[in-house]
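*Asks:* Next up is a structure, given as structure tokens.
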Amino acid sequence: MKYLDEYRDGDIAAKLVERIRRVQTKPWVIMEVCGGQTHSIVKNGIDHLLPKGVELVHGPGCPVCVTPLEMIDKAHAIARRPDVIFCSFGDMLRVPGSDGDLFSIKSLGGDVRVVYSPLDCLKIARTNPDKQVVFFAIGFETTAPANAMLAWQARQNGIDNLSLLVSHVLVPPAIEAILSSPENRVQGFLGPGHVCAVVGYTEYEPLAARFHVPIVVTGFEPLDILEGVLMVIEQLEAGRGEVENQYSRVLSRGGNLPAQDLIGKVFEVSDRKWRGVGTIPSSGFRLRDEFRDLDAEHRFNVSAIDTMEPAICISGLILQGIKKPHDCPAFGTECNPQHPLGATMVSAEGACAAYYAYGRHLKDSDLVSIGGERR
Amino acid sequence: MSAPKLVEKAALNPFGQCPLPIFDHPQIVLGHGSGGKLSAELIEKVFVSRFRNPTLDKMDDQAILEIGGARLAFTTDSFVVTPIFFPGGDIGTLAINGTVNDLAVGGATPLYLAAAFILEEGLPAAELARVADSMASAAQNAGVQLVTGDTKVVNRGKGDKIFITTTGIGLIDRATQLSADCARPGDKIILSGTIGDHGITILSQREGLEFESALQSDCASLHDLIKTMLDEAEAAGALQGVRVMRDPTRGGVATVLNEIADRSSAGMLLRESKIPVRDTVRGACEMLGLDPLYVANEGKLIAILAPEIADRVLAVMQRHPLGADSCIIGEVIDQPTGMVLMKTSVGGTRVIDVMFGEQLPRIC
């Protein structure tokens with residue numbers, strides 16, 4: 001299939017792995033920032049193709065995983081209301097709150113709908129004038145333009161039975177938090193391709209300079225990821241710490257200016273709580289004052305909900321790359337996709353769910369002998 | 001800007017207690033009908049534990065019964081698809097072919113069906129007639145007769161237009177030994193064609209996801225393809241080399257292979273590059289964040305064959321109109337038991353686990 005098969009070619013993959021092997025002389029720890037990259041890595045078995053000295057750790061870039069429990073509880077409180085049609089991206093439905101998930105709420109009569117685009121909510125609001133339509137606007141910079149467009153069009157078209165429950169987070173503050181942690185092990189980053197397609201990568205340049213760390217903005221196909229890893233290792237081996245763009249077929253340094261303009265009209269930067277990590281200053285978006293009446297937190301008076309998170313779940317440490325999913329005592333036992341203790345086990349993009357689904361709970365040696373792989 | 005401090009996990013919950021967001025739903029959720037782990041758990045806990053008997057315990061798509069010296073296959077299936085009409089078929093064709101296929105994969109010649117209809121008040125009579133026409137023509141095509149039935153009507157809003165349950169009986173007239181526990185290391189895994197066509201066709205028709213495609217459901221009766229295969233195996237004197245046959249409907253190829261691996265205490269190794277997927281299906285799956293291995297099929301066959309007859313049976317499958325794209329997608333291995341592995345196109349290895357509920361579209 002065009003635009004896919006070219007980036008999944010086994011022969012080229014083998015050549016890239018060979019080049020990584022030749023360049024790499026020391027052990028390196030590299031973090032892929034995006035949940036989509038994590039998914040691709042485990043789905044394609046890329047981590048098992050890399051030489052032993054190259055360790056990939058999974059970053060904080062799964063939007064479902066970093067949404068704090070209290071925000072999930074707020075969502076559930078709204079979704080339970082009989083006057084509400086609650087709209088969400090699909091993988092948010094299974095994320096457990098303090099009391100069940102959106103699937104449970106649906107089974108008890110709540111009107112919970114999966115939308116593929118935030119703009120679908122406009123149609124739902126128009127056709128259900130006697131209901132309040134609420135969209136769970138989560139995500140990183142990637143989903144911000146479409147979510148902003150929903151607020152913008154609702155305002156332009158005078159649709160007042162629509163609101164947004166906003167839990168938007170930003171990548172650069174998360175990277176800064178990881179690099180500033182005394183426990184940090186990460187030496188280089190695969191930067192978030194889709195995020196940078198929207199906002200560009202100028203924000204990453206001061207981070208790379210300050211921490212002297214390579215950040216290679218990378219795509220999502222297997223060959224993208226292998227090439228990104230190669231570019232990071234080349235920098236590390238040469239003692240460089242710069243921003244480079246592996247994903248040049250999609251994005252430029254400045255990003256998508258009309259999208260940025262729209263985000264700026266609707267959202268403003270604010271402090272945000274991250275699941276398992278806590279509050280990071282200036283790490284997310286909230287609606288600007290001009291759009292505050294579209295804020296579902298205020299409209300449904302759920303701001304006071306404040307939930308503690310389970311103690312056994314180490315998703316916070318996993319999101320920071322300090323621990324791997326199988327380091328968690330609950331992984332695969334008390335915590336599995338049927339009984340997730342943390343959101344990293346819930347979303348297909350979450351590191352724990354990806355490890356579970358693709359069998360990374362096996363020892364490496366098992367997979368190596370089974371698949372005939374050599375490391 | 002000063003560097004933000006990371007909060008230690010323990011500090012977030014000073015009580016050290018785990019307020020477990022338990023996932024044992026106290027009521028039925030959609031995931032219980034997905035064919036994945038939630039379904040399996042429900043069936044085991046609620047039904048199998050209460051009705052336990054040697055025939056049920058085999059957990060095949062059909063029960064094999066010996067009555068008066070005859071071997072009979074017996075099965076039932078319910079159909080609740082939305083929309084009821086879709087490209088390539090409708091709920092009527094599904095209701096006939098689904099039950100016919102469940103009999104055929106047990107090695108039976110399907111003979112007689114019963115059908116029960118639950119109709120919602122307000123269903124246009126013309127739509128019911130259209131469904132019945134489809135059923136008549138599918139039954140004729142499969143060589144089965146609908147010999148008994150039942151009709152109930154429920155209040156508007158208490159059903160979804162039409163639900164159909166079909167029950168079927170067939171005769172096994174040769175010495176087949178087909179069951180999910182018969183796969184052995186070295187056996188070949190054969191797939192009769194492209195995967196995901198039905199599931200993605202249905203998805204493409206649903207409200208809120210109107211994408212245009214020329215895709216059609218693969219809904220078809222597999223009885224003749226299976227007969228051809230069994231004839232060939234019998235002619236080769238190796239009828240029991242046909243170990244397992246399943247139609248990978250709900251839960252897709254991944255779910256069926258996991259069931260076989262589990263029941264046979266064997267492993268499976270697939271090759272991603274060998275698994276045929278139409279570009280339309282791949283494209284839709286890529287866009288929606290779905291995996292075609294878990295998407296439903298309604299006219300495809302998974303067959304586990306002994307290596308000595310695999311090529312011969314594969315050849316007759318490829319000459320059959322419903323098996324033209326048949327191919328070997330992998331083989332049964334001895335370790336690790338109960339697991340399905342796949343060699344990916346880029347040369348890695350991944351595990352194909354059972355889905356636990358509905359497959360959910362990903363955010364980005």
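Going through the structure tokens in order, the chains are called A, B, and so on, while each chain numbers its residues from 1 and the ligands are numbered from 1 in the order shown.
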What's the 12 Å shell around Val340 (chain B), counting only C-alpha atoms, without same-chain residues fewer than 3 positions away, as a PyMOL selection string?
*Replies:* (chain A and resi 357-359+367+370-371) or (chain B and resi 189+253-262+265-271+293+330-337+343+349-354)
*Asks:* Out of region 140-336 of chain B, which residues get strand (DSSP E) from DSSP, as a PyMOL selection string?
*Replies:* chain B and resi 145-154+162-172+188-191+242-246+267-271+302-305+327-333
*Asks:* Contacts of Phe79 (chain B) at 12 Å or less, counting only C-alpha atoms, minus same-chain residues fewer than 6 places along, as a list in words?
*Replies:* Gly33, Asp90, Ile91, Gly92, Thr93, Leu94, Ala95, Ile96, Asn97, Gly98, Thr99, Ala115, Ala116, Phe117, Ile118, Asp160, Lys161, Ile162, Phe163, Ile164, Thr165, Thr166, Thr167, Thr249, Arg250 and Glu298 of chain B
*Asks:* Between B:Arg184, B:Lys152, B:Lys37, B:Lys58, single out the one closest to chain A, counting only C-alpha atoms.
*Replies:* B:Lys37
*Asks:* Interatomic distance between CA of Met345 (chain A) and CA of Glu227 (chain A)?
*Replies:* 28.0 Å
*Asks:* Fewer than 3 positions away in the same chain doesn't count, so skip those; otherwise give me all residues within 9 Å of Gly53 (chain A), counting only C-alpha atoms, as a list in words.
*Replies:*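 So the residues in contact are Gln24, Thr25, Lys26, Pro27, Trp28, Val29 and Leu50 of chain A.
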*Asks:* Write out the residues from the selection above, keeping C-alpha atoms, as an mmCIF file, in the first residue's frame.
*Replies:*
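Below you can see selection.cif, which holds the result:
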data_model
loop_
_atom_site.group_PDB
_atom_site.id
_atom_site.type_symbol
_atom_site.label_atom_id
_atom_site.label_comp_id
_atom_site.auth_asym_id
_atom_site.auth_seq_id
_atom_site.Cartn_x
_atom_site.Cartn_y
_atom_site.Cartn_z
ATOM 1 C CA GLN A 24 27.073 2.683 18.311
ATOM 2 C CA THR A 25 30.081 2.110 20.583
ATOM 3 C CA LYS A 26 28.544 2.795 24.014
ATOM 4 C CA PRO A 27 25.222 1.974 25.685
ATOM 5 C CA TRP A 28 22.571 4.658 25.217
ATOM 6 C CA VAL A 29 19.117 5.281 26.635
ATOM 7 C CA LEU A 50 18.139 -2.985 18.050
#
*Asks:* As a PyMOL selection string, which residues of region 85-316 of chain B does DSSP assign to helix (DSSP H, G or I)?
*Replies:* chain B and resi 91-104+125-142+197-205+223-235+239-241+252-264+272-274+279-288+292-294+307-316
*Asks:* Just the selected residues (C-alpha atoms), exported as a compact mmCIF listing (two decimals), in the first residue's frame, please.
*Replies:*
# COMPACT_ATOMS: atom_id res chain seq x y z
CA ILE B 91 -28.82 -9.75 8.32
CA GLY B 92 -30.68 -12.56 6.50
CA THR B 93 -27.67 -13.78 4.51
CA LEU B 94 -25.56 -13.59 7.67
CA ALA B 95 -28.11 -15.61 9.64
CA ILE B 96 -28.10 -18.46 7.13
CA ASN B 97 -24.40 -18.46 6.23
CA GLY B 98 -23.21 -18.02 9.81
CA THR B 99 -24.97 -21.14 11.02
CA VAL B 100 -24.19 -23.11 7.85
CA ASN B 101 -20.50 -22.25 8.34
CA ASP B 102 -20.50 -23.30 11.98
CA LEU B 103 -21.83 -26.71 10.88
CA ALA B 104 -19.48 -27.00 7.91
CA ALA B 125 -42.91 -5.20 6.34
CA ALA B 126 -41.06 -4.71 3.06
CA GLU B 127 -37.73 -4.80 4.88
CA LEU B 128 -38.69 -8.05 6.60
CA ALA B 129 -39.69 -9.52 3.23
CA ARG B 130 -36.36 -8.44 1.77
CA VAL B 131 -34.51 -10.15 4.62
CA ALA B 132 -36.61 -13.30 4.13
CA ASP B 133 -35.82 -13.27 0.39
CA SER B 134 -32.12 -13.12 1.20
CA MET B 135 -32.49 -16.00 3.63
CA ALA B 136 -34.32 -18.11 1.06
CA SER B 137 -31.69 -17.56 -1.56
CA ALA B 138 -28.79 -18.14 0.88
CA ALA B 139 -30.45 -21.34 2.11
CA GLN B 140 -30.90 -22.60 -1.43
CA ASN B 141 -27.29 -21.80 -2.23
CA ALA B 142 -26.12 -23.71 0.85
CA ASP B 197 -13.73 -7.15 4.77
CA HIS B 198 -16.96 -7.70 6.69
CA GLY B 199 -16.11 -5.73 9.82
CA ILE B 200 -14.79 -2.72 7.94
CA THR B 201 -17.78 -2.76 5.55
CA ILE B 202 -20.16 -2.60 8.52
CA LEU B 203 -18.08 0.12 10.16
CA SER B 204 -18.07 2.18 6.97
CA GLN B 205 -21.89 2.14 6.95
CA HIS B 223 -19.80 -25.50 2.93
CA ASP B 224 -18.70 -26.20 -0.64
CA LEU B 225 -15.13 -24.98 -0.13
CA ILE B 226 -14.88 -27.20 2.94
CA LYS B 227 -16.39 -30.18 1.10
CA THR B 228 -13.77 -29.77 -1.63
CA MET B 229 -11.02 -29.73 0.97
CA LEU B 230 -12.29 -32.79 2.82
CA ASP B 231 -12.76 -34.65 -0.50
CA GLU B 232 -9.14 -33.96 -1.37
CA ALA B 233 -7.85 -34.99 2.06
CA GLU B 234 -9.93 -38.19 1.90
CA ALA B 235 -8.62 -38.97 -1.58
CA LEU B 239 -8.69 -37.14 6.27
CA GLN B 240 -7.45 -36.67 9.81
CA GLY B 241 -4.70 -34.44 8.53
CA GLY B 252 -11.22 -12.02 13.89
CA VAL B 253 -8.31 -14.27 12.99
CA ALA B 254 -6.38 -13.34 16.14
CA THR B 255 -9.13 -14.55 18.48
CA VAL B 256 -9.69 -17.84 16.65
CA LEU B 257 -5.98 -18.68 16.53
CA ASN B 258 -5.61 -17.92 20.23
CA GLU B 259 -8.51 -20.25 21.02
CA ILE B 260 -6.92 -23.04 18.97
CA ALA B 261 -3.47 -22.43 20.52
CA ASP B 262 -5.02 -22.55 23.95
CA ARG B 263 -7.16 -25.65 23.36
CA SER B 264 -4.33 -27.52 21.61
CA GLU B 272 2.69 -10.76 8.77
CA SER B 273 3.76 -10.47 5.13
CA LYS B 274 1.71 -13.58 4.20
CA ASP B 279 -5.72 -1.94 0.72
CA THR B 280 -9.13 -0.44 1.59
CA VAL B 281 -9.27 -2.45 4.80
CA ARG B 282 -5.67 -1.64 5.67
CA GLY B 283 -6.25 2.03 4.97
CA ALA B 284 -9.37 2.16 7.14
CA CYS B 285 -7.63 0.26 9.94
CA GLU B 286 -4.58 2.54 9.79
CA MET B 287 -6.78 5.61 9.97
CA LEU B 288 -8.95 4.38 12.82
CA PRO B 292 -7.34 -6.14 10.88
CA LEU B 293 -6.35 -9.31 12.72
CA TYR B 294 -9.18 -8.58 15.17
CA PRO B 307 2.18 -30.67 6.71
CA GLU B 308 1.95 -33.75 4.45
CA ILE B 309 -1.38 -32.70 2.94
CA ALA B 310 -1.20 -28.91 3.32
CA ASP B 311 0.03 -28.17 -0.21
CA ARG B 312 -2.45 -30.53 -1.83
CA VAL B 313 -5.44 -29.14 0.04
CA LEU B 314 -4.22 -25.58 -0.49
CA ALA B 315 -4.15 -26.20 -4.23
CA VAL B 316 -7.82 -27.24 -4.36
*Asks:* Of the residues B:Pro276, B:Pro248, B:Gly347, B:Gly89, which is the one nearest to chain A, using only C-alpha atoms?
*Replies:*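 Closest to chain A, using only C-alpha atoms: B:Gly347.
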*Asks:* List as a ChimeraX atom specification the protein and nucleic acid residues near Pro222 (chain A), meaning an atom at most 12 Å away when only C-alpha atoms are counted, but skip any in the same chain fewer than 3 places from it.
*Replies:* /A:4-14,16-17,36-47,49-50,218-219,225-229 /B:344-348
*Asks:* When you count only C-alpha atoms, which of these residues is closest to Arg22 (chain A): A:Val133, A:Met71, A:Ile78, A:Ile233?
*Replies:* A:Ile233
*Asks:* Counting only C-alpha atoms, which of A:Phe267, A:Phe211, A:Arg80, A:Arg126 gets nearest to Ala177 (chain A)?
*Replies:*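 Smallest distance to Ala177 (chain A) is found for A:Phe211.
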*Asks:* How far is it from CA of Gly139 (chain A) to CA of Val64 (chain A), in Å with one decimal?
*Replies:*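 We find that CA of Gly139 (chain A) and CA of Val64 (chain A) lie 7.3 Å from each other.
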